[in-house]
file data-v1.txt (compact mmCIF, C-alpha atoms)
# COMPACT_ATOMS: atom_id res chain seq x y z
CA MET A 1415 96.06 2.97 -12.86
CA PRO A 1416 93.75 2.17 -9.97
CA LYS A 1417 90.10 2.32 -10.74
CA ARG A 1418 88.36 5.17 -9.03
CA GLN A 1419 85.13 4.25 -7.41
CA ALA A 1420 82.22 6.61 -7.91
CA PRO A 1421 81.26 8.04 -4.54
CA GLU A 1422 77.96 6.66 -3.33
CA VAL A 1423 75.10 9.04 -2.71
CA ASN A 1424 74.09 8.98 0.89
CA ALA A 1425 70.48 7.86 0.97
CA GLY A 1426 70.13 8.12 4.71
CA SER A 1427 68.26 11.38 4.57
CA MET A 1428 65.82 10.08 1.98
CA ALA A 1429 63.59 8.74 4.73
CA ASP A 1430 63.53 12.11 6.42
CA ILE A 1431 62.50 13.81 3.22
CA ALA A 1432 59.77 11.27 2.61
CA PHE A 1433 58.51 11.61 6.18
CA LEU A 1434 58.33 15.34 5.77
CA LEU A 1435 56.25 14.98 2.63
CA LEU A 1436 54.04 12.41 4.30
CA ILE A 1437 53.32 14.67 7.24
CA PHE A 1438 52.61 17.56 4.90
CA PHE A 1439 49.98 15.50 3.07
CA LEU A 1440 48.49 14.23 6.30
CA VAL A 1441 47.95 17.77 7.48
CA THR A 1442 46.59 19.26 4.28
CA SER A 1443 44.22 16.48 3.32
CA GLU A 1444 41.14 14.88 4.69
CA MET A 1445 39.88 11.34 4.39
CA SER A 1446 36.88 11.11 2.12
CA LYS A 1447 34.26 9.92 4.53
CA GLU A 1448 31.40 12.17 3.64
CA SER A 1449 28.05 10.54 3.66
CA GLY A 1450 24.78 12.08 2.77
CA MET A 1451 21.12 11.71 2.12
CA PHE A 1452 20.16 11.76 -1.48
CA GLN A 1453 17.09 13.51 -2.79
CA LEU A 1454 15.74 14.11 -6.24
CA LEU A 1455 13.98 17.43 -6.44
CA PRO A 1456 10.79 17.57 -8.48
CA GLU A 1457 11.19 19.16 -11.86
CA LYS A 1458 9.73 22.58 -12.42
CA VAL A 1459 6.88 22.18 -14.83
CA GLU A 1460 4.42 24.70 -16.11
CA GLY A 1461 0.85 23.60 -16.29
CA PRO A 1462 -1.94 22.40 -14.11
CA PRO A 1463 -1.08 21.15 -10.65
CA PRO A 1464 -0.95 17.36 -10.29
CA GLU A 1465 -4.11 15.47 -9.49
CA PRO A 1466 -4.91 15.47 -5.82
CA VAL A 1467 -4.34 12.13 -4.11
CA ASN A 1468 -7.17 10.39 -2.31
CA LYS A 1469 -7.12 11.75 1.21
CA ARG A 1470 -6.87 8.38 2.90
CA ASN A 1471 -3.62 7.67 1.07
CA VAL A 1472 -1.83 10.73 2.36
CA ILE A 1473 0.28 10.32 5.48
CA GLU A 1474 0.86 13.78 6.89
CA VAL A 1475 4.10 14.61 8.65
CA PHE A 1476 4.67 18.08 9.90
CA ALA A 1477 7.83 19.61 11.36
CA ARG A 1478 7.72 22.79 13.39
CA SER A 1479 10.22 24.87 15.28
CA LYS A 1480 11.92 23.56 18.43
CA GLY A 1481 11.77 19.98 17.18
CA GLU A 1482 8.01 19.66 17.33
CA ILE A 1483 6.70 16.85 15.14
CA ARG A 1484 3.10 16.22 14.17
CA PHE A 1485 1.83 13.11 12.47
CA GLY A 1486 -1.32 11.84 10.79
CA SER A 1487 -4.41 13.51 9.45
CA ASP A 1488 -5.27 14.90 12.89
CA LEU A 1489 -1.72 16.28 13.22
CA LYS A 1490 -1.20 14.82 16.65
CA GLU A 1491 2.08 15.69 18.34
CA VAL A 1492 4.38 12.67 18.45
CA LYS A 1493 7.89 11.86 19.55
CA MET A 1494 10.57 11.69 16.86
CA SER A 1495 11.46 8.11 17.77
CA ASP A 1496 7.88 6.93 17.25
CA ILE A 1497 7.84 7.87 13.58
CA PRO A 1498 9.23 4.59 12.15
CA ASN A 1499 6.61 2.47 13.87
CA LEU A 1500 3.78 4.85 13.06
CA LEU A 1501 4.77 4.83 9.41
CA LYS A 1502 5.03 1.05 9.38
CA GLU A 1503 1.58 0.72 10.86
CA ARG A 1504 0.00 2.99 8.27
CA VAL A 1505 1.75 1.53 5.25
CA LEU A 1506 0.92 -2.06 6.21
CA ASN A 1507 -2.62 -1.15 7.28
CA LEU A 1508 -3.18 -4.67 8.58
CA SER A 1509 -6.52 -3.82 10.14
CA ASN A 1510 -7.72 -2.47 6.80
CA ARG A 1511 -8.84 0.83 8.18
CA LYS A 1512 -10.77 2.95 5.75
CA ASP A 1513 -8.91 6.12 6.73
CA TRP A 1514 -5.44 4.63 6.22
CA PRO A 1515 -3.67 4.06 2.89
CA GLU A 1516 -5.08 1.29 0.76
CA ASN A 1517 -3.15 -1.73 -0.46
CA ARG A 1518 -3.98 -3.68 -3.56
CA LEU A 1519 -2.84 -7.17 -4.51
CA ILE A 1520 -0.77 -7.41 -7.68
CA THR A 1521 -1.26 -10.20 -10.19
CA THR A 1522 1.46 -11.91 -12.20
CA GLU A 1523 -0.40 -11.14 -15.42
CA GLU A 1524 -0.29 -7.39 -15.04
CA LEU A 1525 3.44 -7.44 -14.38
CA GLN A 1526 4.00 -9.72 -17.37
CA ILE A 1527 2.18 -7.26 -19.57
CA ILE A 1528 4.54 -4.51 -18.41
CA VAL A 1529 7.59 -6.70 -19.08
CA GLU A 1530 6.35 -7.43 -22.60
CA LYS A 1531 5.68 -3.77 -23.23
CA ASN A 1532 9.16 -2.83 -22.05
CA ARG A 1533 10.71 -5.52 -24.22
CA LYS A 1534 8.96 -4.12 -27.24
CA ASN A 1535 10.06 -0.61 -26.33
CA LEU A 1536 13.67 -1.76 -26.14
CA GLU A 1537 13.50 -3.27 -29.62
CA ASP A 1538 12.17 -0.05 -31.10
CA ALA A 1539 14.38 2.24 -29.05
CA PRO A 1540 16.73 4.61 -30.86
CA GLU A 1541 20.45 4.33 -30.20
CA GLU A 1542 20.68 6.90 -27.43
CA LYS A 1543 17.79 5.47 -25.46
CA ILE A 1544 18.82 1.85 -25.46
CA ARG A 1545 20.47 1.97 -22.07
CA SER A 1546 17.57 3.57 -20.27
CA GLU A 1547 15.14 1.12 -21.89
CA GLN A 1548 17.34 -1.77 -20.87
CA ARG A 1549 17.23 -0.53 -17.32
CA LYS A 1550 13.45 -0.30 -17.45
CA LEU A 1551 13.13 -3.84 -18.75
CA LYS A 1552 15.45 -5.18 -16.08
CA LYS A 1553 13.46 -3.42 -13.42
CA SER A 1554 10.15 -4.83 -14.56
CA GLN A 1555 11.63 -8.33 -14.74
CA LEU A 1556 12.96 -7.94 -11.23
CA ARG A 1557 9.54 -6.85 -10.07
CA LEU A 1558 8.08 -10.02 -11.52
CA LYS A 1559 10.67 -12.05 -9.67
CA ALA A 1560 9.92 -10.19 -6.46
CA LEU A 1561 6.27 -11.11 -6.81
CA GLU A 1562 7.28 -14.76 -7.18
CA ILE A 1563 9.32 -14.66 -3.99
CA PHE A 1564 7.18 -12.46 -1.78
CA GLY A 1565 3.78 -13.47 -3.11
CA ASP A 1566 0.88 -11.77 -1.42
CA GLU A 1567 3.20 -9.72 0.76
CA PHE A 1568 4.01 -7.66 -2.32
CA LYS A 1569 1.07 -5.33 -2.43
CA LYS A 1570 0.69 -2.12 -4.31
CA SER A 1571 0.54 0.57 -1.69
CA SER A 1572 -0.85 3.89 -2.79
CA HIS A 1573 0.46 5.82 0.18
CA VAL A 1574 2.20 9.15 -0.11
CA VAL A 1575 4.10 10.64 2.79
CA ASN A 1576 3.49 14.34 2.70
CA MET A 1577 6.29 16.08 4.50
CA GLN A 1578 5.62 19.63 5.55
CA ALA A 1579 7.55 22.11 7.60
CA THR A 1580 7.25 25.64 8.84
CA GLN A 1581 9.66 28.37 7.76
CA ASP A 1582 11.20 28.58 11.22
CA ALA A 1583 11.69 24.85 11.74
CA GLU A 1584 15.33 23.90 12.23
CA TYR A 1585 17.20 22.05 9.54
CA GLU A 1586 18.24 19.46 12.11
CA THR A 1587 14.60 18.55 12.79
CA TYR A 1588 13.98 18.21 9.08
CA ILE A 1589 16.93 15.89 8.55
CA GLN A 1590 16.06 13.83 11.61
CA LEU A 1591 12.48 13.50 10.42
CA LYS A 1592 13.65 12.37 7.00
CA ASP A 1593 15.98 9.93 8.69
CA GLU A 1594 13.20 8.50 10.86
CA LEU A 1595 10.94 8.08 7.83
CA LYS A 1596 13.69 6.19 6.05
CA LYS A 1597 14.14 4.07 9.15
CA GLY A 1598 10.44 3.28 8.98
CA TYR A 1599 10.80 1.96 5.46
CA GLN A 1600 13.89 0.03 6.47
CA LEU A 1601 11.92 -1.52 9.32
CA LEU A 1602 9.27 -2.71 6.89
CA ARG A 1603 11.89 -4.21 4.59
CA ASN A 1604 13.77 -5.88 7.39
CA ASP A 1605 10.61 -7.45 8.80
CA LEU A 1606 9.71 -8.89 5.43
CA ALA A 1607 13.25 -10.16 4.89
CA ILE A 1608 13.11 -12.03 8.18
CA LYS A 1609 9.62 -13.32 7.51
CA VAL A 1610 10.15 -14.58 3.96
CA LEU A 1611 13.87 -14.93 3.38
CA LYS A 1612 14.66 -15.79 7.03
CA ARG A 1613 17.62 -13.48 6.99
CA ASP A 1614 18.54 -10.05 8.28
CA TRP A 1615 18.80 -7.09 5.91
CA ASP A 1616 22.58 -7.04 6.27
CA ASP A 1617 22.86 -10.65 5.07
CA LEU A 1618 20.86 -10.15 1.89
CA THR A 1619 22.27 -10.07 -1.60
CA LEU A 1620 22.18 -6.87 -3.60
CA GLN A 1621 19.37 -8.20 -5.75
CA GLU A 1622 17.26 -9.15 -2.75
CA LYS A 1623 17.74 -5.68 -1.32
CA GLU A 1624 16.72 -4.19 -4.63
CA MET A 1625 13.57 -6.29 -4.64
CA LEU A 1626 12.64 -5.35 -1.10
CA LYS A 1627 13.04 -1.72 -2.06
CA MET A 1628 10.51 -2.36 -4.78
CA VAL A 1629 8.06 -3.97 -2.39
CA TYR A 1630 8.25 -1.03 -0.01
CA LYS A 1631 9.03 1.90 -2.19
CA GLU A 1632 9.80 5.19 -0.58
CA ASN A 1633 7.24 7.73 -1.51
CA ILE A 1634 7.96 10.98 0.25
CA SER A 1635 6.75 14.22 -1.23
CA GLU A 1636 7.63 17.62 0.08
CA ALA A 1637 5.04 20.31 0.14
CA PRO A 1638 6.01 23.94 -0.10
CA VAL A 1639 6.84 25.45 3.24
CA VAL A 1640 4.03 26.97 5.24
CA GLN A 1641 4.32 30.23 7.08
CA MET B 734 82.03 -26.99 19.83
CA SER B 735 82.33 -23.34 19.37
CA LYS B 736 78.69 -23.44 18.51
CA PHE B 737 77.78 -24.37 22.01
CA ASP B 738 80.00 -22.17 24.06
CA GLY B 739 77.54 -19.33 23.69
CA GLY B 740 78.00 -16.31 25.83
CA LYS B 741 81.70 -16.55 26.12
CA LYS B 742 82.51 -14.68 22.99
CA LYS B 743 80.94 -11.31 22.45
CA ARG B 744 78.64 -11.45 19.46
CA LEU B 745 78.01 -8.36 17.45
CA GLU B 746 74.35 -7.50 17.12
CA PRO B 747 73.57 -6.99 13.47
CA GLY B 748 72.18 -3.51 12.93
CA ILE B 749 68.80 -3.22 11.30
CA SER B 750 69.21 -1.96 7.81
CA THR B 751 67.33 1.27 7.24
CA ALA B 752 67.87 1.18 3.53
CA SER B 753 64.26 0.20 2.84
CA LEU B 754 62.82 2.80 5.16
CA PRO B 755 62.45 5.43 2.41
CA ASP B 756 60.55 2.91 0.30
CA ILE B 757 58.13 2.17 3.09
CA VAL B 758 57.57 5.81 3.84
CA PHE B 759 57.08 6.60 0.16
CA MET B 760 54.52 3.86 -0.05
CA LEU B 761 52.63 5.37 2.88
CA LEU B 762 52.90 8.75 1.26
CA PHE B 763 51.39 7.53 -2.00
CA PHE B 764 48.63 5.78 -0.13
CA PHE B 765 47.64 8.98 1.60
CA MET B 766 47.89 10.99 -1.58
CA VAL B 767 45.45 8.63 -3.26
CA ALA B 768 43.09 7.98 -0.38
CA THR B 769 42.58 11.56 0.68
CA LYS B 770 41.51 14.73 -0.92
CA SER B 771 43.00 18.06 -0.16
CA LYS B 772 41.00 20.63 1.67
CA ASP B 773 40.34 22.77 -1.32
CA ASN B 774 38.09 25.43 -0.03
CA GLU B 775 38.48 27.52 2.99
CA ALA B 776 35.52 27.80 5.28
CA SER B 777 33.78 31.15 5.31
CA VAL B 778 30.79 29.88 7.21
CA ILE B 779 30.57 27.65 10.24
CA VAL B 780 28.76 24.41 9.48
CA LYS B 781 27.88 21.90 12.17
CA LEU B 782 26.29 19.00 10.36
CA PRO B 783 23.23 17.20 11.70
CA ASN B 784 23.33 13.48 12.47
CA ALA B 785 21.51 10.78 10.54
CA SER B 786 21.87 7.04 10.17
CA GLU B 787 20.15 6.15 6.89
CA THR B 788 22.82 7.52 4.63
CA GLY B 789 24.54 6.67 1.42
CA LYS B 790 28.07 7.22 0.21
CA LEU B 791 28.96 9.59 -2.56
CA GLU B 792 30.20 7.56 -5.49
CA ASP B 793 31.90 10.03 -7.72
CA LYS B 794 33.43 13.12 -6.25
CA THR B 795 34.35 14.68 -9.55
CA GLN B 796 30.82 15.67 -10.45
CA THR B 797 29.78 17.39 -7.29
CA ALA B 798 29.18 21.00 -6.42
CA TYR B 799 29.20 22.13 -2.83
CA ILE B 800 26.91 24.70 -1.31
CA GLN B 801 27.38 25.63 2.32
CA LEU B 802 24.90 27.37 4.56
CA GLY B 803 25.74 28.70 7.97
CA ILE B 804 26.75 31.66 10.05
CA PRO B 805 29.90 33.45 8.81
CA VAL B 806 33.13 32.83 10.67
CA LYS B 807 34.18 35.40 13.28
CA SER B 808 36.55 37.29 11.03
CA LEU B 809 33.91 37.77 8.36
CA GLN B 810 31.07 38.72 10.67
CA LYS B 811 32.02 42.41 10.46
CA VAL B 812 31.35 42.37 6.75
CA TYR B 813 28.51 39.93 6.40
CA GLY B 814 26.81 40.10 9.78
CA ASP B 815 25.85 37.08 11.82
CA LYS B 816 22.87 35.97 9.78
CA THR B 817 22.92 32.66 7.92
CA SER B 818 24.87 33.08 4.70
CA LEU B 819 25.66 31.10 1.63
CA GLN B 820 29.12 29.94 0.65
CA LEU B 821 29.97 28.99 -2.90
CA ASN B 822 33.56 28.00 -3.61
CA ASP B 823 35.57 30.15 -1.22
CA ALA B 824 33.43 33.19 -0.77
CA ILE B 825 30.15 34.24 0.68
CA LYS B 826 27.70 34.89 -2.10
CA SER B 827 24.06 35.70 -2.50
CA LYS B 828 21.28 33.38 -3.59
CA LYS B 829 21.26 34.78 -7.09
CA ASP B 830 24.82 33.61 -7.70
CA ILE B 831 23.85 29.95 -7.39
CA ARG B 832 22.84 29.72 -10.99
CA MET B 833 26.09 31.10 -12.32
CA PHE B 834 28.04 28.92 -9.90
CA LEU B 835 26.28 25.79 -11.18
CA ASP B 836 26.80 26.77 -14.80
CA GLU B 837 30.50 27.27 -14.14
CA LYS B 838 30.67 23.90 -12.41
CA ARG B 839 28.95 22.17 -15.31
CA ALA B 840 31.28 23.85 -17.77
CA SER B 841 34.34 22.73 -15.82
CA ILE B 842 33.09 19.14 -15.69
CA LYS B 843 32.60 19.21 -19.44
CA ALA B 844 36.01 20.75 -19.96
CA SER B 845 37.76 18.08 -17.92
CA TYR B 846 36.44 15.39 -20.26
CA SER B 847 36.74 17.33 -23.51
CA SER B 848 40.07 15.77 -24.44
CA VAL B 849 38.80 12.23 -23.82
CA ASP B 850 35.27 12.20 -25.10
CA PRO B 851 33.04 15.28 -25.05
CA GLN B 852 30.01 12.99 -24.95
CA ILE B 853 31.00 11.64 -21.56
CA GLY B 854 31.52 15.16 -20.28
CA VAL B 855 28.01 16.16 -21.28
CA SER B 856 26.44 13.17 -19.57
CA LYS B 857 28.59 13.63 -16.48
CA ALA B 858 27.56 17.26 -16.27
CA LYS B 859 23.96 16.17 -16.41
CA LYS B 860 24.53 13.79 -13.53
CA MET B 861 26.06 16.49 -11.36
CA VAL B 862 25.09 16.20 -7.71
CA VAL B 863 24.78 19.29 -5.56
CA CYS B 864 25.93 18.63 -2.02
CA LEU B 865 24.33 20.77 0.62
CA LYS B 866 26.30 21.32 3.77
CA VAL B 867 23.90 23.07 6.05
CA ASP B 868 24.37 24.01 9.68
CA LYS B 869 21.87 22.20 11.85
CA LYS B 870 20.51 25.35 13.41
CA THR B 871 19.61 26.89 10.07
CA LYS B 872 15.97 27.74 9.53
CA LEU B 873 14.25 25.67 6.90
CA GLY B 874 12.93 28.74 5.10
CA ILE B 875 16.41 29.61 3.86
CA VAL B 876 17.19 26.02 2.91
CA ASN B 877 14.03 25.90 0.85
CA GLU B 878 14.88 29.13 -0.93
CA VAL B 879 18.16 27.55 -1.98
CA LYS B 880 16.35 24.40 -3.11
CA GLU B 881 13.97 26.49 -5.21
CA GLU B 882 16.97 28.17 -6.78
CA LEU B 883 18.41 24.75 -7.59
CA ARG B 884 15.17 23.68 -9.20
CA ASP B 885 15.22 26.82 -11.31
CA ALA B 886 18.70 25.92 -12.47
CA SER B 887 17.47 22.35 -13.08
CA ALA B 888 20.04 20.87 -10.72
CA LEU B 889 17.68 18.32 -9.28
CA LYS B 890 20.04 15.83 -7.75
CA ILE B 891 20.90 16.98 -4.28
CA ASN B 892 22.62 15.38 -1.37
CA TYR B 893 22.36 16.56 2.21
CA ILE B 894 25.72 15.94 3.79
CA VAL B 895 25.32 14.62 7.33
CA ASN B 896 27.37 13.06 10.07
CA GLU B 897 26.81 9.38 10.10
CA SER B 898 25.58 8.03 13.41
CA LYS B 899 24.75 4.48 14.20

call {"tool": "encode", "arguments": {"input": "data-v1.txt", "output": "structure tokens"}}
result
Amino acid sequence: MPKRQAPEVNAGSMADIAFLLLIFFLVTSEMSKESGMFQLLPEKVEGPPPEPVNKRNVIEVFARSKGEIRFGSDLKEVKMSDIPNLLKERVLNLSNRKDWPENRLITTEELQIIVEKNRKNLEDAPEEKIRSEQRKLKKSQLRLKALEIFGDEFKKSSHVVNMQATQDAEYETYIQLKDELKKGYQLLRNDLAIKVLKRDWDDLTLQEKEMLKMVYKENISEAPVVQ
Amino acid sequence: MSKFDGGKKKRLEPGISTASLPDIVFMLLFFFMVATKSKDNEASVIVKLPNASETGKLEDKTQTAYIQLGIPVKSLQKVYGDKTSLQLNDAIKSKKDIRMFLDEKRASIKASYSSVDPQIGVSKAKKMVVCLKVDKKTKLGIVNEVKEELRDASALKINYIVNESK
């Protein structure tokens, strides 16, 4: 008896089916490309209001409707694109003006004390806190290393950017202002990277970036909205 | 000899085999299934995002809650008017619903990890990030009311979604 061959399944239409599925997924899905600006809101705490900061350390930024931006203690109207340089000027305070934020030199000893304290804390930490204590210790060690590398450039700045806005200011202005402030900090970091490490921000290692972020730490506080 | 008398005899062009075509297409398909996320919620409000350059990427999409602020779409304007409204999930809601919405979100994050390790679920729920998609023409007063509501619900990690510009 001749052997009967099993009829082959025609796979020619398989491609069509797969294409159909592919197109369906292309239409119903979106690439994940969302980017955003992160912010940590202050916790709601009952009790006395926080201590007022020395007036010279506060950098006032004020957003109003129709994209109007005011800057500094005299609330002078400025252009949005000037914000990064203005912020840089104030934070560095190279001319040591008495009405601009003060900078203080940090010593190796005081950072070493913090590292030791954190090390002790880690040893005594209960199970569930070990990870957060480890992170703290790492951070303080990194700060010590940053001081080694950047030396006197690593000053303790007591500035606070106080961001205010009116109720009727547009959200776009607010985001742009935030963006420009961040650009200001980035400008500071980039300048220092070129000066000390002789490299651009984009060519730095993760650790170097981390350290520069410690040297120029963002300190933006948001006041309640004014009428 | 016959090797060099090219052109005299008609040679049959070998057809390209399409047998591997389905495999290739399936590979593409799987790539897109993995690399994309489906549009899960329908827009009830129109959101035109502002531009910014100093942005970060969202690391983990599983622990995010989305809140949208904008003017309702045309078809919903009869019901909700043309004032700035709040969208949670698929529907337009009021400010007071934010709290419940966040609690539900936290519960669902916990639930998705409950079979693996409930401990992870709890910590993931704590790390939940609230993404704010706000239309650029929105007045800041409304945005701040929403932020106050978030503080009340102790959802402190927020992320303003923006269009990245260079």

call {"tool": "residues_around", "arguments": {"input": "data-v1.txt", "residues": "Ser1572 in chain A", "least_positions_apart": "6", "cutoff": "10 Å", "atoms": "all atoms listed in the file", "output": "ChimeraX atom specification"}}
result
/A:1467-1468,1470-1472,1505,1515-1518,1633

call {"tool": "closest_atom_pairs", "arguments": {"input": "data-v1.txt", "of": "chain A", "to": "chain B", "cutoff": "7 Å", "atoms": "all atoms listed in the file", "output": "Markdown table"}}
result
| residue | atom | partner | partner_atom | distance |
| --- | --- | --- | --- | --- |
| A:Met1428 | CA | B:Pro755 | CA | 5.8 |
| A:Ala1429 | CA | B:Pro755 | CA | 4.2 |
| A:Ala1432 | CA | B:Phe759 | CA | 5.9 |
| A:Phe1433 | CA | B:Val758 | CA | 6.3 |
| A:Leu1436 | CA | B:Leu762 | CA | 4.9 |
| A:Phe1439 | CA | B:Met766 | CA | 6.8 |
| A:Thr1442 | CA | B:Ser771 | CA | 5.8 |
| A:Ser1443 | CA | B:Ser771 | CA | 4.0 |
| A:Glu1444 | CA | B:Thr769 | CA | 5.4 |
| A:Met1445 | CA | B:Thr769 | CA | 4.6 |
| A:Ser1446 | CA | B:Thr769 | CA | 5.9 |
| A:Glu1448 | CA | B:Ile894 | CA | 6.8 |
| A:Ser1449 | CA | B:Lys790 | CA | 4.8 |
| A:Gly1450 | CA | B:Ile894 | CA | 4.1 |
| A:Met1451 | CA | B:Tyr893 | CA | 5.0 |
| A:Phe1452 | CA | B:Asn892 | CA | 4.4 |
| A:Gln1453 | CA | B:Ile891 | CA | 5.4 |
| A:Leu1454 | CA | B:Lys890 | CA | 4.9 |
| A:Leu1455 | CA | B:Leu889 | CA | 4.7 |
| A:Pro1456 | CA | B:Leu889 | CA | 7.0 |
| A:Glu1457 | CA | B:Arg884 | CA | 6.6 |
| A:Lys1458 | CA | B:Arg884 | CA | 6.4 |
| A:Gln1581 | CA | B:Gly874 | CA | 4.2 |
| A:Asp1582 | CA | B:Lys872 | CA | 5.1 |
| A:Ala1583 | CA | B:Leu873 | CA | 5.5 |
| A:Glu1584 | CA | B:Lys872 | CA | 4.7 |
| A:Tyr1585 | CA | B:Lys869 | CA | 5.2 |
| A:Glu1586 | CA | B:Lys869 | CA | 4.6 |
| A:Gln1590 | CA | B:Ala785 | CA | 6.3 |
| A:Asp1593 | CA | B:Ala785 | CA | 5.9 |
| A:Lys1596 | CA | B:Glu787 | CA | 6.5 |
| A:Lys1597 | CA | B:Glu787 | CA | 6.7 |

call {"tool": "axis_aligned_box", "arguments": {"input": "data-v1.txt", "around": "range 1425-1440 of chain A", "padding_each_side": "4 Å", "output": "JSON"}}
result
{"center_x": 59.5, "center_y": 12.7, "center_z": 4.1, "size_x": 30.0, "size_y": 17.7, "size_z": 14.3}

call {"tool": "residues_around", "arguments": {"input": "data-v1.txt", "residues": "Leu819 in chain B", "least_positions_apart": "6", "cutoff": "12 Å", "atoms": "all atoms listed in the file", "output": "ChimeraX atom specification"}}
result
/B:776-780,799-806,813,825-831,834,865-868,871,875-876,878-879

call {"tool": "atom_distance", "arguments": {"input": "data-v1.txt", "atom1": "CA of Leu1558 in chain A", "atom2": "CA of Leu1626 in chain A"}}
result
12.3 Å

call {"tool": "atom_distance", "arguments": {"input": "data-v1.txt", "atom1": "CA of Ser841 in chain B", "atom2": "CA of Gln796 in chain B"}}
result
9.5 Å

call {"tool": "closest_residue", "arguments": {"input": "data-v1.txt", "among": "A:Gly1565, A:Pro1540, A:Gly1486, A:Pro1498", "to": "Thr1522 in chain A", "atoms": "only C-alpha atoms"}}
result
A:Gly1565

call {"tool": "atom_distance", "arguments": {"input": "data-v1.txt", "atom1": "CA of Lys857 in chain B", "atom2": "CA of Lys843 in chain B"}}
result
7.5 Å

call {"tool": "closest_residue", "arguments": {"input": "data-v1.txt", "among": "B:Leu835, B:Val849, B:Val855, B:Ala844", "to": "Glu882 in chain B", "atoms": "only C-alpha atoms"}}
result
B:Leu835

call {"tool": "residues_around", "arguments": {"input": "data-v1.txt", "residues": "Lys1531 in chain A", "least_positions_apart": "6", "cutoff": "10 Å", "atoms": "all atoms listed in the file", "output": "list in words"}}
result
Leu1525, Leu1551 and Ser1554 of chain A
